[in-house]
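The structure appears right after this line, and notes come after that.
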Amino acid sequence: MGFKEQIDINRLPEHIAIIMDGNGRWAKNQGKFRVFGHESGVLSVKDIVEGCVDIGIKYLTVYAFSTENWNRPIEEVNALMELLISTINEQADTLNKNNVRLNAIGDLKSLPQKCIDDLASVMEKTGKNTKCTLTLALSYSAKWEILEAAKKLAQQVKDAELSIEDIDEEKFASHLTTTNIPDPELMIRTSGEHRVSNFLLWQMAYTELYFTETLWPDFRREDLFEAIVDYQKRERRFGKISEQLN
Ligand code: IPE
Ligand code: IPE
Ligand code: MG
């Protein structure tokens, strides 16, 4: 029996987040340039989005470029930006066909203008789609977004629009870039690295973490289904004891 058949569709995670890692090593293993790994990684993204649509995952968030990734060699950064632009434009029709809405989080204004414009255009073109929301984390850093939220709240308190007592988790989360998106129940990281690398720190407070040695360009929907099966075997206690759960 394949992993897909083992999934209980009544207990699917609503939101899956992925740190797509290992493109560079994948390319290097074949004696190719790192960019080839990034290009191949796009095929994985396509397959995973379709896998999510196929089984009914409502939200998929993929870490495509971190704030720290700006420190890579300029040629790689430029190649990634160009790949991003060509991919979103090429995929717009497929996203619509699959009823997928494109969304983006991160310090988007630091992206090249062409990226900003094309992202806005594809987000608008796919904005009414309802089956799945695909969020690209671009120039994203969790510490950055938490600081931004803190600054906005501080300004509101300073302007007497908000009292300190009214700052609760819900209020704080409403100023994060993921407002209107539920917290991920499952986070997958490929390539054998066991760290979070500044991704969704607030939102992953109670997320189940899944790590696989598979490099991102080799990751396909069957690997996603395997991760979901693993997730469904876990007991999520949220601080309680087993006997308290029904
Ligand atoms: C992930 O693959 C893609 C990005 C971070 C943009 P890497 O480029 O980090 O690949 P490795 O980790 O060097 O193999
Ligand atoms: C994390 O991968 C960021 C993305 C996948 C976009 P990195 O490859 O940049 O992470 P570190 O530097 O190994 O932690
Ligand atoms: Mg990496």
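Lettering and numbering for the structure tokens are positional, with chains as A, B, ... in the shown order, residues counted from 1 in each chain, and ligands counted from 1 in the shown order.
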(message) I'd like the neighbourhood of Thr212 (chain A) as a PyMOL selection string, where a residue qualifies if any of its atoms comes within 8 Å (using only C-alpha atoms), though same-chain residues fewer than 2 positions away should be ignored.
(response) chain A and resi 188-192+210+214
Emit the selected residues as a PDB file, in the first residue's frame, including C-alpha atoms.
```
ATOM      1  CA  ILE A 188       8.897  19.499   6.874  1.00  0.00           C
ATOM      2  CA  ARG A 189      12.592  20.199   6.315  1.00  0.00           C
ATOM      3  CA  THR A 190      14.501  18.331   3.642  1.00  0.00           C
ATOM      4  CA  SER A 191      18.233  17.645   3.277  1.00  0.00           C
ATOM      5  CA  GLY A 192      18.983  16.335   6.771  1.00  0.00           C
ATOM      6  CA  TYR A 210       9.449  16.294  10.327  1.00  0.00           C
ATOM      7  CA  THR A 214      15.946  13.602   0.978  1.00  0.00           C
TER       8      THR A 214
END
```
Would you write out, as a Markdown table, a table of all residues in chain A that have an atom no more than 7 Å from an atom of ligand 2, listing for each the closest atom pair and the distance in Å to one decimal, considering only C-alpha atoms and all ligand atoms and ordering rows by chain and rising residue number?
```
| residue | atom | partner | partner_atom_place_in_ligand_line | distance |
| --- | --- | --- | --- | --- |
| A:Ile19 | CA | ligand 2 | 5 (C) | 4.7 |
| A:Met20 | CA | ligand 2 | 5 (C) | 4.6 |
| A:Asp21 | CA | ligand 2 | 5 (C) | 4.8 |
| A:Gly22 | CA | ligand 2 | 8 (O) | 6.9 |
| A:Tyr63 | CA | ligand 2 | 6 (C) | 4.5 |
| A:Ala64 | CA | ligand 2 | 6 (C) | 4.0 |
| A:Phe65 | CA | ligand 2 | 6 (C) | 3.7 |
| A:Ser66 | CA | ligand 2 | 6 (C) | 4.9 |
| A:Glu68 | CA | ligand 2 | 9 (O) | 6.7 |
| A:Asn69 | CA | ligand 2 | 9 (O) | 5.6 |
| A:Arg195 | CA | ligand 2 | 14 (O) | 6.7 |
| A:Ser197 | CA | ligand 2 | 14 (O) | 4.6 |
```
(message) Using only C-alpha atoms for the distances, tell me which of A:Arg101, A:His194, A:Lys109, A:Lys114 is nearest to Gly127 (chain A).
(response) A:Arg101
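Considering the residues A:Ala160, A:Leu215, A:Leu95, A:Ile7 and counting only C-alpha atoms and all ligand atoms, ligand 3 has its shortest atom-to-atom contact with A:Leu215.
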(message) Could you go through region 40-100 of chain A and tell me which residues DSSP, when run on the backbone, assigns to strand (DSSP E), listing them as a ChimeraX atom specification?
(response) /A:59-66,100
So that I have them on file, write out the residues from the current selection with C-alpha atoms, as a compact mmCIF listing (two decimals), in the first residue's frame.
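The file below, again-v2.txt, is the result:
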```txt
# COMPACT_ATOMS: atom_id res chain seq x y z
CA TYR A 59 -2.52 25.95 3.11
CA LEU A 60 1.02 25.27 1.93
CA THR A 61 3.82 27.65 2.89
CA VAL A 62 7.27 27.20 1.36
CA TYR A 63 10.47 28.90 2.44
CA ALA A 64 11.98 30.02 -0.86
CA PHE A 65 14.41 32.76 0.20
CA SER A 66 15.43 33.90 3.66
CA VAL A 100 -4.66 27.65 -6.07
```
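You can rank A:Glu169, A:Lys46, A:Glu213, A:Cys52 by their closest distance to ligand 1 using only C-alpha atoms and all ligand atoms, and at the top of that list sits A:Glu213.
Between CA of Lys233 (chain A) and CA of Ala173 (chain A) the interatomic distance comes to 28.8 Å.
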(message) as a VMD selection string, please: every residue in region 42-202 of chain A that DSSP puts in alpha helix (DSSP H).
(response) chain A and resid 42 to 55 74 to 97 113 to 125 142 to 158 169 to 173
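With only C-alpha atoms and all ligand atoms as the basis for measurement, A:Ala27 is the residue among A:Leu245, A:Ala120, A:Ala27, A:Leu186 that approaches ligand 3 most closely.
Compared by their closest atoms to Met204 (chain A), and using only C-alpha atoms, the residues A:Arg221, A:Ser242, A:Ala79, A:Ala142 rank with A:Ala142 nearest.
Put simply, CA of Ile16 (chain A) is 21.6 Å away from CA of Phe172 (chain A).
Remark: for ligand 1, the closest of the candidate residues A:Asp183, A:Glu50, A:Glu76, A:Glu161 is A:Glu76 (distances computed over only C-alpha atoms and all ligand atoms).
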(request) Show which residues sit within 8 Å of Asn103 (chain A), as an NGL selection string. Count only C-alpha atoms, and ignore same-chain residues fewer than 6 positions away. (result) :A and (123 or 133-136)
(request) Would you kindly return, as number ranges by chain, each protein, DNA or RNA residue with an atom no farther than 10 Å from any atom of Ile9 (chain A), considering only C-alpha atoms and excluding same-chain residues fewer than 4 positions away? (result) A: 4-5, 13, 55-57
Print the selection's residues with N, CA and C atoms to a file, as a CSV table (one decimal), in the first residue's frame.
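Here's the written file result00.csv:
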```
chain,number,residue,atom,x,y,z
A,4,LYS,N,-0.2,7.4,0.2
A,4,LYS,CA,-1.4,8.1,0.0
A,4,LYS,C,-2.7,7.4,0.6
A,5,GLU,N,-2.7,6.0,0.3
A,5,GLU,CA,-3.8,5.2,0.8
A,5,GLU,C,-3.8,5.1,2.3
A,13,PRO,N,-3.6,17.7,8.1
A,13,PRO,CA,-3.2,19.0,8.6
A,13,PRO,C,-3.8,20.0,7.7
A,55,ILE,N,-5.0,15.9,-2.3
A,55,ILE,CA,-5.6,15.3,-1.1
A,55,ILE,C,-6.3,16.3,-0.3
A,56,GLY,N,-6.3,17.6,-0.6
A,56,GLY,CA,-7.1,18.6,0.1
A,56,GLY,C,-6.4,19.4,1.2
A,57,ILE,N,-5.1,19.7,1.1
A,57,ILE,CA,-4.4,20.5,2.0
A,57,ILE,C,-4.8,22.0,1.7
```
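For the pair CA of Lys58 (chain A) and CA of Cys132 (chain A), the interatomic distance is 4.4 Å.
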(request) Can you pull out every residue within 12 Å of Glu90 (chain A), counting only C-alpha atoms, but drop anything in the same chain fewer than 6 positions away, and send it as a PyMOL selection string? (result) chain A and resi 42+46+83-84+96+118-119+122
Would you save the residues of that selection, restricted to N, CA, C and O atoms, as a short mmCIF file (atom, residue, chain, number, x, y, z; two decimals), in the first residue's frame?
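Written out: selection.cif:
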```
data_model
loop_
_atom_site.label_atom_id
_atom_site.label_comp_id
_atom_site.auth_asym_id
_atom_site.auth_seq_id
_atom_site.Cartn_x
_atom_site.Cartn_y
_atom_site.Cartn_z
N VAL A 42 12.31 23.60 -8.54
CA VAL A 42 11.01 24.13 -8.96
C VAL A 42 10.05 22.99 -9.34
O VAL A 42 8.85 23.04 -9.05
N LYS A 46 6.24 22.25 -7.84
CA LYS A 46 5.04 21.99 -8.66
C LYS A 46 4.36 20.70 -8.23
O LYS A 46 3.14 20.63 -8.09
N LEU A 83 14.81 33.14 -11.48
CA LEU A 83 14.05 31.89 -11.47
C LEU A 83 12.66 32.12 -10.84
O LEU A 83 11.65 31.60 -11.32
N LEU A 84 12.64 32.94 -9.82
CA LEU A 84 11.38 33.26 -9.16
C LEU A 84 10.43 33.95 -10.14
O LEU A 84 9.26 33.56 -10.28
N ASN A 96 -4.27 28.69 -11.57
CA ASN A 96 -5.70 28.92 -11.78
C ASN A 96 -6.44 27.63 -12.10
O ASN A 96 -7.52 27.38 -11.58
N ASP A 118 5.50 41.34 -10.68
CA ASP A 118 4.96 40.08 -11.19
C ASP A 118 4.27 39.28 -10.09
O ASP A 118 3.24 38.64 -10.34
N LEU A 119 4.82 39.36 -8.89
CA LEU A 119 4.16 38.69 -7.76
C LEU A 119 2.77 39.29 -7.56
O LEU A 119 1.77 38.56 -7.43
N VAL A 122 0.38 38.08 -10.32
CA VAL A 122 -0.08 36.69 -10.23
C VAL A 122 -0.95 36.50 -8.97
O VAL A 122 -1.92 35.73 -8.98
#
```
